[in-house]
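Chemist: You'll find target_9.tsv just under this line, and it carries TSV, C-alpha atoms.
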chain	number	residue	atom	x	y	z
A	1	GLY	CA	0.19	234.63	198.94
A	2	GLN	CA	2.01	232.28	201.22
A	3	MET	CA	-1.06	230.33	202.34
A	4	LEU	CA	-2.05	229.50	198.76
A	5	GLN	CA	1.52	228.49	197.94
A	6	LEU	CA	1.59	226.24	200.99
A	7	ILE	CA	-1.67	224.51	200.04
A	8	ALA	CA	-0.65	224.20	196.39
A	9	ARG	CA	2.70	222.65	197.36
A	10	ASN	CA	0.86	220.26	199.64
A	11	ALA	CA	-1.28	219.13	196.70
A	12	SER	CA	1.77	217.37	195.30
A	13	ALA	CA	3.67	216.59	198.51
A	14	ARG	CA	0.60	215.46	200.50
A	15	LEU	CA	1.86	216.46	203.93
A	16	PRO	CA	-0.11	215.06	206.84
A	17	ASP	CA	-3.15	217.26	207.54
A	18	GLU	CA	-1.83	218.15	211.00
A	19	THR	CA	1.44	219.41	209.54
A	20	LEU	CA	-0.34	221.54	206.96
A	21	LEU	CA	-2.67	222.98	209.62
A	22	LEU	CA	0.29	223.84	211.87
A	23	ARG	CA	1.88	225.75	208.99
A	24	ILE	CA	-1.42	227.50	208.23
A	25	ASP	CA	-1.68	228.47	211.92
A	26	GLU	CA	1.82	229.98	211.72
A	27	LEU	CA	0.76	232.08	208.71
A	28	ILE	CA	-2.42	233.21	210.50
A	29	THR	CA	-0.31	234.22	213.52
A	30	GLN	CA	1.80	236.30	211.12
A	31	GLY	CA	-1.32	238.09	209.82
A	32	ALA	CA	-2.53	235.97	206.91
A	33	HIS	CA	-6.30	235.55	206.64
A	34	PRO	CA	-7.78	232.34	205.17
A	35	THR	CA	-10.59	234.16	203.31
A	36	ARG	CA	-8.38	236.83	201.77
A	37	ALA	CA	-5.94	234.10	200.80
A	38	GLN	CA	-8.77	232.11	199.16
A	39	ALA	CA	-7.56	229.07	201.06
A	40	LEU	CA	-10.90	227.24	200.78
A	41	HIS	CA	-10.86	227.79	197.02
A	42	CYS	CA	-7.45	226.13	196.82
A	43	LEU	CA	-8.54	223.27	199.09
A	44	ALA	CA	-11.65	222.74	196.93
A	45	ALA	CA	-9.57	222.69	193.75
A	46	ASN	CA	-7.35	220.00	195.23
A	47	ASP	CA	-10.16	217.98	196.90
A	48	PHE	CA	-8.87	218.51	200.45
A	49	HIS	CA	-12.42	218.29	201.83
A	50	GLN	CA	-11.16	217.03	205.19
A	51	LEU	CA	-9.54	220.44	205.79
A	52	PHE	CA	-12.62	222.61	205.12
A	53	LEU	CA	-13.93	222.59	208.70
A	54	PRO	CA	-10.53	223.27	210.31
A	55	LEU	CA	-10.05	226.27	208.01
A	56	ILE	CA	-13.57	227.56	208.63
A	57	THR	CA	-12.93	227.39	212.38
A	58	ARG	CA	-9.78	229.44	211.71
A	59	GLY	CA	-11.84	232.19	210.07
A	60	ALA	CA	-12.27	231.21	206.42
A	61	ASP	CA	-15.62	232.28	204.92
A	62	ILE	CA	-17.28	229.25	203.31
A	63	ASN	CA	-19.02	231.58	200.85
A	64	GLY	CA	-16.03	233.86	200.28
A	65	LYS	CA	-15.79	235.06	196.70
A	66	GLY	CA	-12.67	235.30	194.57
A	67	PRO	CA	-11.96	238.17	192.17
A	68	LYS	CA	-14.60	237.06	189.63
A	69	GLY	CA	-17.17	236.12	192.25
A	70	CYS	CA	-16.26	232.44	192.36
A	71	THR	CA	-16.89	230.55	195.62
A	72	PRO	CA	-15.24	227.38	196.94
A	73	LEU	CA	-18.44	225.46	196.07
A	74	MET	CA	-18.18	226.59	192.45
A	75	ILE	CA	-14.58	225.35	192.31
A	76	ALA	CA	-15.56	222.00	193.83
A	77	ALA	CA	-18.52	221.60	191.44
A	78	GLU	CA	-16.31	222.29	188.45
A	79	GLY	CA	-13.58	219.95	189.69
A	80	ALA	CA	-15.80	216.98	190.52
A	81	LEU	CA	-16.04	216.07	186.84
A	82	GLY	CA	-12.43	216.96	186.04
A	83	LYS	CA	-11.32	214.05	188.15
A	84	VAL	CA	-13.37	211.71	185.94
A	85	VAL	CA	-11.72	213.04	182.78
A	86	LEU	CA	-8.29	212.38	184.29
A	87	GLY	CA	-9.21	208.74	184.84
A	88	SER	CA	-9.68	208.80	188.60
A	89	GLN	CA	-12.93	208.19	190.42
A	90	PRO	CA	-15.55	210.93	190.35
A	91	SER	CA	-15.57	212.89	193.57
A	92	SER	CA	-18.52	214.83	194.84
A	93	GLN	CA	-17.13	214.69	198.40
A	94	ALA	CA	-15.86	218.28	198.34
A	95	VAL	CA	-19.28	219.47	197.09
A	96	ALA	CA	-21.12	217.43	199.72
A	97	THR	CA	-18.83	218.62	202.52
A	98	LEU	CA	-19.13	222.30	201.59
A	99	ILE	CA	-22.93	222.07	201.39
A	100	ALA	CA	-23.08	220.24	204.73
A	101	LEU	CA	-20.96	223.01	206.27
A	102	GLY	CA	-23.34	225.70	204.98
A	103	ALA	CA	-22.16	226.71	201.50
A	104	ASP	CA	-24.85	228.73	199.71
A	105	LYS	CA	-25.87	226.97	196.47
A	106	GLY	CA	-27.71	230.08	195.28
A	107	LEU	CA	-24.71	232.43	195.12
A	108	ALA	CA	-23.75	233.52	191.61
A	109	ASP	CA	-20.49	234.75	190.12
A	110	GLN	CA	-20.11	237.95	188.07
A	111	ARG	CA	-21.59	236.20	185.03
A	112	GLY	CA	-24.61	234.94	186.97
A	113	ARG	CA	-23.50	231.30	187.21
A	114	THR	CA	-24.09	229.27	190.36
A	115	ALA	CA	-22.14	226.16	191.34
A	116	LEU	CA	-24.60	224.17	189.21
A	117	GLY	CA	-23.58	226.22	186.18
A	118	TYR	CA	-19.93	225.43	186.88
A	119	HIS	CA	-20.76	221.72	186.86
A	120	TYR	CA	-22.77	222.08	183.64
A	121	ALA	CA	-19.87	223.95	182.03
A	122	SER	CA	-17.38	221.25	183.05
A	123	VAL	CA	-19.59	218.59	181.42
A	124	ARG	CA	-19.85	220.68	178.24
A	125	ASN	CA	-16.09	221.31	178.18
A	126	SER	CA	-15.38	217.62	178.69
A	127	ASN	CA	-17.64	216.70	175.79
A	128	ASP	CA	-16.10	219.38	173.56
A	129	PHE	CA	-12.64	218.02	174.40
A	130	ARG	CA	-13.69	214.45	173.71
A	131	ALA	CA	-15.34	215.38	170.42
A	132	ALA	CA	-12.33	217.38	169.23
A	133	LEU	CA	-9.47	215.19	170.38
A	134	ILE	CA	-10.07	211.80	171.86
A	135	GLY	CA	-13.59	210.60	171.06
A	136	GLY	CA	-15.29	208.20	173.39
A	137	PRO	CA	-18.61	208.24	175.18
A	138	LYS	CA	-20.37	211.48	175.98
A	139	THR	CA	-20.15	212.65	179.59
A	140	GLU	CA	-23.53	213.18	181.23
A	141	VAL	CA	-24.48	215.39	184.15
A	142	ASP	CA	-24.42	213.32	187.34
A	143	PRO	CA	-28.03	213.42	188.64
A	144	THR	CA	-26.92	213.14	192.28
A	145	LEU	CA	-24.48	216.01	191.91
A	146	LYS	CA	-27.10	218.04	190.02
A	147	ALA	CA	-29.58	217.52	192.87
A	148	MET	CA	-26.97	218.50	195.47
A	149	LEU	CA	-26.08	221.70	193.57
A	150	MET	CA	-29.58	222.80	192.54
A	151	PRO	CA	-30.32	226.25	194.03
A	152	SER	CA	-33.64	226.48	195.88
A	153	ASN	CA	-35.01	228.83	193.21
A	154	GLY	CA	-33.76	226.64	190.34
A	155	PRO	CA	-30.91	227.17	187.90
A	156	SER	CA	-30.08	230.69	186.77
A	157	ALA	CA	-30.31	231.76	183.13
A	158	ALA	CA	-26.50	231.74	183.05
A	159	ASP	CA	-26.51	228.17	184.40
A	160	MET	CA	-28.84	227.06	181.61
A	161	GLU	CA	-26.52	228.61	179.01
A	162	CYS	CA	-23.72	226.39	180.34
A	163	GLN	CA	-25.57	223.14	179.61
A	164	ASP	CA	-24.18	220.86	176.92
A	165	ASP	CA	-26.37	221.33	173.86
A	166	HIS	CA	-24.77	218.82	171.51
Using the file provided, produce a representation of the structure as structure tokens.

Modeler:
Amino acid sequence: GQMLQLIARNASARLPDETLLLRIDELITQGAHPTRAQALHCLAANDFHQLFLPLITRGADINGKGPKGCTPLMIAAEGALGKVVLGSQPSSQAVATLIALGADKGLADQRGRTALGYHYASVRNSNDFRAALIGGPKTEVDPTLKAMLMPSNGPSAADMECQDDH
């Protein structure tokens, strides 16, 4: 609801972090809950990694799942490559911050994909887009990001299905 709208609006307006946190605190006082609102998911999608810890201290669950079982780490893993496609610098900072704060790399969504699978899928989608529309060099999986996202028991079968096979 309101918390997601506030964060989404901030993605374009870029309010100072303190201002955004004050507004989030007002919403929490009025009964909003950061986990139910999927606030960390929205922050991860917009690369607001500097706000993860403040939201976690306000009650957000770092491993909270959205309706299809997606966690903030999955969103960050998928978005790290998207920033490359848009011409900006690659950013694994959101991934690194979430993992440092305790995000579980082994959690899977309803289809069995972990955050690693989300990264694999973003690479595959980028290559499909390039092949179909714009051409250019093939995007490769970032080995550092892959190592950061690798679950302790290895990739799931669903993760492996997400790899780029062409």

Chemist: How many Å separate atom CA of Glu161 of chain A from atom CA of Arg113 of chain A?

Modeler: 9.1 Å

Chemist: Nearest to Thr114 of chain A among A:Thr144, A:Thr139, A:Ser156, A:Ser92, with distances taken over all atoms listed in the file: which residue is it?

Modeler: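 Checking each of A:Thr144, A:Thr139, A:Ser156, A:Ser92 against Thr114 of chain A, counting all atoms listed in the file, the winner is A:Ser156.
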
Chemist: Provide the atom CA of Pro16 of chain A to atom CA of Gln2 of chain A distance in Å, to one decimal place.

Modeler: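 Computing the Euclidean distance for atom CA of Pro16 of chain A and atom CA of Gln2 of chain A yields 18.2 Å.
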
Chemist: Sorted by chain and rising residue number, list the residues of segment 61-114 of chain A at most 6 Å from segment 26-47 of chain A (counting all atoms listed in the file), each with its closest atom pair and distance in Å to one decimal, as CSV.

Modeler:
residue,atom,partner,partner_atom,distance
A:Asp61,CA,A:Thr35,CA,5.6
A:Pro72,CA,A:His41,CA,4.4
A:Ile75,CA,A:Ala45,CA,5.9
A:Ala76,CA,A:Ala44,CA,5.0
A:Ala94,CA,A:Asp47,CA,5.9

Chemist: Under the rule that all atoms listed in the file are counted, which of A:Asp159, A:Asp25, A:Asp164, A:Glu18 is the nearest residue to Lys138 of chain A?

Modeler: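 Looking at the shortest contact to Lys138 of chain A, the residue is A:Asp164.
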
Chemist: How many Å lie between atom CA of Gly112 of chain A and atom CA of Pro155 of chain A, rounded to one decimal?

Modeler: 10.0 Å

Chemist: Considering all atoms listed in the file, state which residue in the set A:Arg124, A:His49, A:His119, A:Arg111 is at the smallest distance from Ala80 of chain A.

Modeler: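 Among the listed residues, the smallest separation from Ala80 of chain A belongs to A:His119.
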
Chemist: Could you give me, as a list in words, the residues within 10 Å of Pro67 of chain A, counting all atoms listed in the file and dropping anything in the same chain fewer than 4 positions from it?

Modeler: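 Here the answer would be Gln38, Thr71, Asp109 and Gln110 of chain A.
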
Chemist: Please determine, counting all atoms listed in the file, which residue among A:Met3, A:Leu51, A:Ala103, A:Leu81 has the shortest atom-to-atom distance to Asn63 of chain A.

Modeler: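 Closest residue, counting all atoms listed in the file: A:Ala103.
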